[in-house]
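S.K.: The structure is given below, and queries will be raised subsequently.
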Amino acid sequence: MSYQNLLSEIKANILYVTINRESKLNALNKETLAELADVISFAAKTEEVRGVLLTGAGEKAFVAGADISEFSSYSTEQGEALARSGQVNVFDAIENSTKPFVAAINGFALGGGLELAMACHIRVAADTAKMGLPEVTLGLIPGYGGTQRLTRLVGKGRAAELITTADMITADRAEKIGLVNHVVPQTELIGKAEEILNKIKQRAPLAIAAAIRAVNAAVNEGVNGFEVEMDEFGKCFGTQDFKEGVGAFLEKRRSDFKGR
């Protein structure tokens, strides 16, 4: 796959995606969002991909926000369309992907960058990373799911404070409030993300997909997560992966899952 603003490659069933606009602190412009939408779609339909590692180029920024110059003159209608398109094609697509996405936050994750990390299923941060949603300093609010995902991750009070003050927080603080899963030295960041994905890719792919759908149901208003869980649990019994997993357990051998 060849992109203008992304680097991508598959190694050992992991799709590595790097947002490659280092001189712009990896800011999200229209072209980058379109390329992200394409690579997310590729991951979803490619059996070779068992998980995605998403990071930014360099050590300064994961993604330092959106490219403000692109929408500085937008109307109300254009602003809503911008948010809706990004939500559907990128941010929601990541969250609802049946392939696990791990964000390796290598530096500043601000605005749309933090929203991108929050859309991922798991977040690992370098100890030098800083995070925040500064949109209110521009007369805006987060538009790519930030108000919703941050509230789900850290609770209403903390989300309201972070969004309305526009404060940046350290990686250690982010870990303490549940915004990120792990904090490691910058030199260990990719290795830690790989460690997580290498564990996941040993498990049954269809069960991983079912687990993601069930976990997402827990935070989707109007959806009965218990019903989703029971439904997904039942469907697992009809898979070859279930037969392989049980057989391997009883025979005391390593499972060889095929995703079928």
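Labels for the structure tokens follow display order: chains A, B, ..., residues from 1 in each chain, ligands from 1.
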Quick one: residues within 10 Å of Asn26 of chain A, only C-alpha atoms counted, chain neighbours fewer than 3 positions away excluded, as a list of chain:residue names?

M.R.: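 Within the cut-off, the hits are A:Asn5, A:Leu6, A:Thr18, A:Ile19, A:Asn20, A:Arg21, A:Glu22, A:Ser23, A:Asn29, A:Thr32, A:Thr55, A:Gly56, A:Ala57, A:Gly58, A:Lys60, A:Ala61, A:Phe62, A:Val63, A:Ala64, A:Gly65, A:Ala66, A:Asp67, A:Phe108, A:Ala109, A:Gly113.
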
S.K.: Output N, CA, C and O atoms for every residue in the selection just made, as a CSV table (one decimal), in the first residue's frame.

M.R.:
chain,number,residue,atom,x,y,z
A,5,ASN,N,0.6,10.3,3.1
A,5,ASN,CA,0.8,10.8,4.5
A,5,ASN,C,0.9,9.6,5.5
A,5,ASN,O,0.9,9.9,6.7
A,6,LEU,N,0.9,8.4,5.0
A,6,LEU,CA,1.0,7.3,5.9
A,6,LEU,C,2.1,6.3,5.5
A,6,LEU,O,2.3,6.2,4.3
A,18,THR,N,1.8,4.3,10.4
A,18,THR,CA,2.5,5.5,11.0
A,18,THR,C,2.0,6.7,10.2
A,18,THR,O,2.1,6.8,9.0
A,19,ILE,N,1.4,7.6,11.0
A,19,ILE,CA,1.0,8.9,10.4
A,19,ILE,C,2.3,9.7,10.1
A,19,ILE,O,3.0,10.0,11.1
A,20,ASN,N,2.6,10.0,8.9
A,20,ASN,CA,3.9,10.5,8.5
A,20,ASN,C,3.9,11.9,8.0
A,20,ASN,O,4.2,12.2,6.8
A,21,ARG,N,3.6,12.8,8.9
A,21,ARG,CA,3.6,14.3,8.6
A,21,ARG,C,4.4,14.9,9.7
A,21,ARG,O,3.9,15.8,10.4
A,22,GLU,N,5.6,14.4,9.9
A,22,GLU,CA,6.4,14.9,11.1
A,22,GLU,C,6.6,16.4,11.2
A,22,GLU,O,6.6,17.0,12.2
A,23,SER,N,6.8,17.0,10.0
A,23,SER,CA,7.1,18.4,10.0
A,23,SER,C,5.8,19.2,10.4
A,23,SER,O,5.9,20.4,10.8
A,29,ASN,N,-5.0,16.2,8.2
A,29,ASN,CA,-5.7,17.0,7.2
A,29,ASN,C,-6.7,16.0,6.4
A,29,ASN,O,-6.8,14.8,6.7
A,32,THR,N,-5.0,12.9,4.9
A,32,THR,CA,-4.6,11.9,5.9
A,32,THR,C,-5.8,11.1,6.4
A,32,THR,O,-5.7,9.9,6.6
A,55,THR,N,0.7,4.6,15.1
A,55,THR,CA,1.6,5.6,15.8
A,55,THR,C,1.8,6.8,14.9
A,55,THR,O,1.3,6.9,13.8
A,56,GLY,N,2.6,7.7,15.4
A,56,GLY,CA,3.0,8.9,14.6
A,56,GLY,C,4.5,8.9,14.3
A,56,GLY,O,5.3,8.3,15.1
A,57,ALA,N,4.9,9.6,13.3
A,57,ALA,CA,6.3,9.6,12.9
A,57,ALA,C,7.1,10.5,13.9
A,57,ALA,O,6.6,11.5,14.4
A,58,GLY,N,8.3,10.2,14.2
A,58,GLY,CA,9.2,11.0,15.1
A,58,GLY,C,8.8,10.7,16.6
A,58,GLY,O,8.1,9.8,16.9
A,60,LYS,N,8.1,13.6,18.6
A,60,LYS,CA,7.4,14.8,19.2
A,60,LYS,C,5.9,14.6,19.3
A,60,LYS,O,5.3,15.1,20.2
A,61,ALA,N,5.3,14.0,18.3
A,61,ALA,CA,3.8,13.9,18.2
A,61,ALA,C,3.3,12.6,17.7
A,61,ALA,O,3.8,12.1,16.7
A,62,PHE,N,2.3,12.1,18.4
A,62,PHE,CA,1.4,11.1,17.8
A,62,PHE,C,0.6,11.8,16.7
A,62,PHE,O,0.8,11.5,15.5
A,63,VAL,N,-0.3,12.6,17.1
A,63,VAL,CA,-1.0,13.5,16.2
A,63,VAL,C,-1.3,14.8,17.1
A,63,VAL,O,-2.0,14.7,18.1
A,64,ALA,N,-0.8,15.9,16.6
A,64,ALA,CA,-1.0,17.1,17.4
A,64,ALA,C,-2.3,17.9,17.1
A,64,ALA,O,-2.3,19.1,17.2
A,65,GLY,N,-3.3,17.2,16.6
A,65,GLY,CA,-4.5,17.8,16.3
A,65,GLY,C,-4.9,17.8,14.8
A,65,GLY,O,-4.3,17.1,14.0
A,66,ALA,N,-5.9,18.5,14.5
A,66,ALA,CA,-6.4,18.6,13.1
A,66,ALA,C,-5.7,19.8,12.4
A,66,ALA,O,-5.1,20.6,13.1
A,67,ASP,N,-5.7,19.8,11.1
A,67,ASP,CA,-5.1,20.9,10.3
A,67,ASP,C,-6.1,22.1,10.3
A,67,ASP,O,-7.0,22.1,9.5
A,108,PHE,N,2.9,14.3,21.6
A,108,PHE,CA,1.6,15.0,21.8
A,108,PHE,C,0.5,14.3,21.1
A,108,PHE,O,0.5,14.0,19.9
A,109,ALA,N,-0.6,14.1,21.9
A,109,ALA,CA,-1.9,13.6,21.3
A,109,ALA,C,-2.9,14.7,21.7
A,109,ALA,O,-3.4,14.6,22.8
A,113,GLY,N,-6.0,14.2,17.5
A,113,GLY,CA,-5.0,13.1,17.8
A,113,GLY,C,-5.4,12.3,19.0
A,113,GLY,O,-5.3,11.1,19.0

S.K.: Which residues of segment 171-193 of chain A come within 8 Å of segment 140-156 of chain A, and for each one, what is the closest pair of atoms and their distance in Å to one decimal, counting only C-alpha atoms, sorted by chain and residue number, as CSV?

M.R.:
residue,atom,partner,partner_atom,distance
A:Ile177,CA,A:Val154,CA,5.8
A:Gly178,CA,A:Val154,CA,5.8
A:Leu179,CA,A:Leu153,CA,5.9

S.K.: Got a sec to tell me which of segment 167-197 of chain A DSSP assigns to strand (DSSP E or B), as a list in words?

M.R.: Ile169, Thr170, His182, Val183 and Val184 of chain A

S.K.: Measuring between only C-alpha atoms, which one of A:Ser73, A:Ala125, A:Asn13, A:Gln186 shows the shortest distance to Glu59 of chain A?

M.R.: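 Closest candidate: A:Gln186.
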
S.K.: So, with only C-alpha atoms as the atoms that count, which of A:Leu28, A:Glu229, A:Ser97, A:Ala210 lies closest to Phe42 of chain A?

M.R.: A:Ser97

S.K.: Using only C-alpha atoms, determine which residues lie at most 6 Å from Val102 of chain A, disregarding the query and same-chain residues fewer than 5 positions distant; provide the list as a ChimeraX atom specification.

M.R.: /A:53,120,122-123

S.K.: Print the selection's residues with C-alpha atoms to a file, as an mmCIF file, in the first residue's frame.

M.R.:
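Saved file result.cif follows:
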data_model
loop_
_atom_site.group_PDB
_atom_site.id
_atom_site.type_symbol
_atom_site.label_atom_id
_atom_site.label_comp_id
_atom_site.auth_asym_id
_atom_site.auth_seq_id
_atom_site.Cartn_x
_atom_site.Cartn_y
_atom_site.Cartn_z
ATOM 1 C CA LEU A 53 -0.363 -0.779 15.557
ATOM 2 C CA CYS A 120 -8.404 2.583 19.386
ATOM 3 C CA ILE A 122 -5.917 -0.137 23.653
ATOM 4 C CA ARG A 123 -3.552 2.785 24.289
#

S.K.: Within 7 Å of Arg50 of chain A, counting only C-alpha atoms, which residues show up once you throw out same-chain ones fewer than 5 positions away? Write them as a JSON list (two decimals) with N, CA and C atoms, in the first residue's frame, please.

M.R.:
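After the write, around20.json holds the following:
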[["chain", "number", "residue", "atom", "x", "y", "z"],
["A", 13, "ASN", "N", 1.75, -10.63, 10.79],
["A", 13, "ASN", "CA", 0.30, -10.48, 10.97],
["A", 13, "ASN", "C", -0.12, -9.19, 11.67],
["A", 14, "ILE", "N", 0.83, -8.29, 11.91],
["A", 14, "ILE", "CA", 0.50, -6.98, 12.48],
["A", 14, "ILE", "C", 0.65, -5.93, 11.39],
["A", 99, "LYS", "N", -10.72, -6.07, 14.15],
["A", 99, "LYS", "CA", -9.29, -6.25, 14.33],
["A", 99, "LYS", "C", -8.85, -5.24, 15.41],
["A", 201, "LYS", "N", -2.83, -11.93, 18.94],
["A", 201, "LYS", "CA", -2.88, -12.69, 17.68],
["A", 201, "LYS", "C", -2.73, -14.19, 17.90]]

S.K.: Val184 of chain A: which residues within 9 Å, counting only C-alpha atoms, same-chain residues fewer than 3 positions away excluded, as a PDB file with N, CA, C and O atoms, in the first residue's frame?

M.R.:
ATOM      1  N   VAL A 124      -1.153   2.714  24.519  1.00  0.00           N
ATOM      2  CA  VAL A 124       0.130   2.681  25.214  1.00  0.00           C
ATOM      3  C   VAL A 124       0.801   4.022  24.951  1.00  0.00           C
ATOM      4  O   VAL A 124       0.830   4.487  23.814  1.00  0.00           O
ATOM      5  N   ALA A 125       1.340   4.651  26.007  1.00  0.00           N
ATOM      6  CA  ALA A 125       1.935   5.974  25.850  1.00  0.00           C
ATOM      7  C   ALA A 125       3.390   5.981  26.282  1.00  0.00           C
ATOM      8  O   ALA A 125       3.770   5.321  27.258  1.00  0.00           O
ATOM      9  N   ALA A 126       4.197   6.754  25.553  1.00  0.00           N
ATOM     10  CA  ALA A 126       5.558   7.028  26.018  1.00  0.00           C
ATOM     11  C   ALA A 126       5.474   7.936  27.234  1.00  0.00           C
ATOM     12  O   ALA A 126       4.549   8.748  27.365  1.00  0.00           O
ATOM     13  N   ASP A 127       6.443   7.808  28.146  1.00  0.00           N
ATOM     14  CA  ASP A 127       6.393   8.613  29.370  1.00  0.00           C
ATOM     15  C   ASP A 127       6.565  10.106  29.117  1.00  0.00           C
ATOM     16  O   ASP A 127       6.306  10.934  29.999  1.00  0.00           O
ATOM     17  N   THR A 128       6.963  10.466  27.906  1.00  0.00           N
ATOM     18  CA  THR A 128       7.108  11.876  27.541  1.00  0.00           C
ATOM     19  C   THR A 128       5.860  12.440  26.862  1.00  0.00           C
ATOM     20  O   THR A 128       5.811  13.635  26.570  1.00  0.00           O
ATOM     21  N   THR A 187      11.741   4.543  24.334  1.00  0.00           N
ATOM     22  CA  THR A 187      12.461   3.485  23.623  1.00  0.00           C
ATOM     23  C   THR A 187      11.747   2.137  23.674  1.00  0.00           C
ATOM     24  O   THR A 187      12.052   1.244  22.886  1.00  0.00           O
ATOM     25  N   GLU A 188      10.815   1.979  24.613  1.00  0.00           N
ATOM     26  CA  GLU A 188      10.107   0.712  24.768  1.00  0.00           C
ATOM     27  C   GLU A 188       8.683   0.753  24.217  1.00  0.00           C
ATOM     28  O   GLU A 188       7.965  -0.251  24.318  1.00  0.00           O
ATOM     29  N   LEU A 189       8.298   1.888  23.650  1.00  0.00           N
ATOM     30  CA  LEU A 189       6.895   2.094  23.265  1.00  0.00           C
ATOM     31  C   LEU A 189       6.409   1.079  22.232  1.00  0.00           C
ATOM     32  O   LEU A 189       5.397   0.390  22.448  1.00  0.00           O
ATOM     33  N   LYS A 192       6.260  -2.484  23.545  1.00  0.00           N
ATOM     34  CA  LYS A 192       5.126  -2.775  24.423  1.00  0.00           C
ATOM     35  C   LYS A 192       3.850  -2.969  23.613  1.00  0.00           C
ATOM     36  O   LYS A 192       3.061  -3.892  23.885  1.00  0.00           O
TER      37      LYS A 192
END

S.K.: DSSP on the backbone, then: every residue of segment 9-224 of chain A marked alpha helix (DSSP H), written as JSON, numbers by chain.

M.R.: {"A": [30, 31, 32, 33, 34, 35, 36, 37, 38, 39, 40, 41, 42, 43, 44, 45, 76, 77, 78, 79, 80, 81, 82, 83, 84, 85, 86, 92, 93, 94, 95, 112, 113, 114, 115, 116, 117, 118, 119, 146, 147, 148, 149, 150, 151, 152, 153, 154, 156, 157, 158, 159, 160, 161, 162, 163, 164, 165, 171, 172, 173, 174, 175, 176, 189, 190, 191, 192, 193, 194, 195, 196, 197, 198, 199, 200, 205, 206, 207, 208, 209, 210, 211, 212, 213, 214, 215, 216, 217]}

S.K.: Show me, as a ChimeraX atom specification, the residues that have an atom within 12 Å of Gly225 of chain A when counting only C-alpha atoms, minus same-chain residues fewer than 5 positions from it.

M.R.: /A:211-220,230-233

S.K.: Could you turn the residues from that selection into a file that holds C-alpha atoms, as a PDB file, in the first residue's frame?

M.R.:
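Full text of selection-v4.pdb as output:
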ATOM      1  CA  ALA A 211     -15.304  -9.769  22.345  1.00  0.00           C
ATOM      2  CA  ILE A 212     -14.812  -6.343  20.739  1.00  0.00           C
ATOM      3  CA  ARG A 213     -18.467  -6.208  19.680  1.00  0.00           C
ATOM      4  CA  ALA A 214     -19.605  -7.197  23.177  1.00  0.00           C
ATOM      5  CA  VAL A 215     -17.344  -4.687  24.924  1.00  0.00           C
ATOM      6  CA  ASN A 216     -18.499  -1.912  22.590  1.00  0.00           C
ATOM      7  CA  ALA A 217     -22.105  -2.815  23.372  1.00  0.00           C
ATOM      8  CA  ALA A 218     -21.455  -2.066  27.039  1.00  0.00           C
ATOM      9  CA  VAL A 219     -21.045   1.647  26.272  1.00  0.00           C
ATOM     10  CA  ASN A 220     -23.569   2.036  23.444  1.00  0.00           C
ATOM     11  CA  MET A 230     -25.056 -13.934  25.059  1.00  0.00           C
ATOM     12  CA  ASP A 231     -25.618 -13.795  21.311  1.00  0.00           C
ATOM     13  CA  GLU A 232     -21.892 -13.535  20.548  1.00  0.00           C
ATOM     14  CA  PHE A 233     -21.115 -16.272  23.080  1.00  0.00           C
TER      15      PHE A 233
END

S.K.: Of the candidates A:Asp38, A:Asp92, A:Glu48, A:Glu244, which one gets nearest to Ala12 of chain A if we count only C-alpha atoms?

M.R.: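 When distances to Ala12 of chain A are compared using only C-alpha atoms, the smallest one comes from A:Glu48.
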
S.K.: Can you measure atom CA of Gly238 of chain A to atom CA of Ala119 of chain A for me? One decimal in Å is fine.

M.R.: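 Straight-line distance from atom CA of Gly238 of chain A to atom CA of Ala119 of chain A works out to 29.8 Å.
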
S.K.: Just the number, please: distance in Å from atom CA of Glu95 of chain A to atom CA of Leu36 of chain A, one decimal.

M.R.: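 Straight-line distance from atom CA of Glu95 of chain A to atom CA of Leu36 of chain A works out to 13.2 Å.
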
S.K.: Atom CA of His121 of chain A and atom CA of Val52 of chain A are how many Å apart?

M.R.: 10.1 Å

S.K.: Need the shell around Gly51 of chain A: protein/DNA/RNA residues with any atom at most 12 Å away, counting only C-alpha atoms. Skip same-chain ones fewer than 5 positions apart. Format as a PyMOL selection string?

M.R.: chain A and resi 9-17+40+42-46+94+97-103+120-122+193-203+205+208-209

S.K.: Name the closest residue to Ala117 of chain A among the candidates A:Asn181, A:Ser2, A:Asn89, A:Thr239; distances are taken between atoms, counting only C-alpha atoms.

M.R.: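 Among the listed residues, the smallest separation from Ala117 of chain A belongs to A:Asn181.
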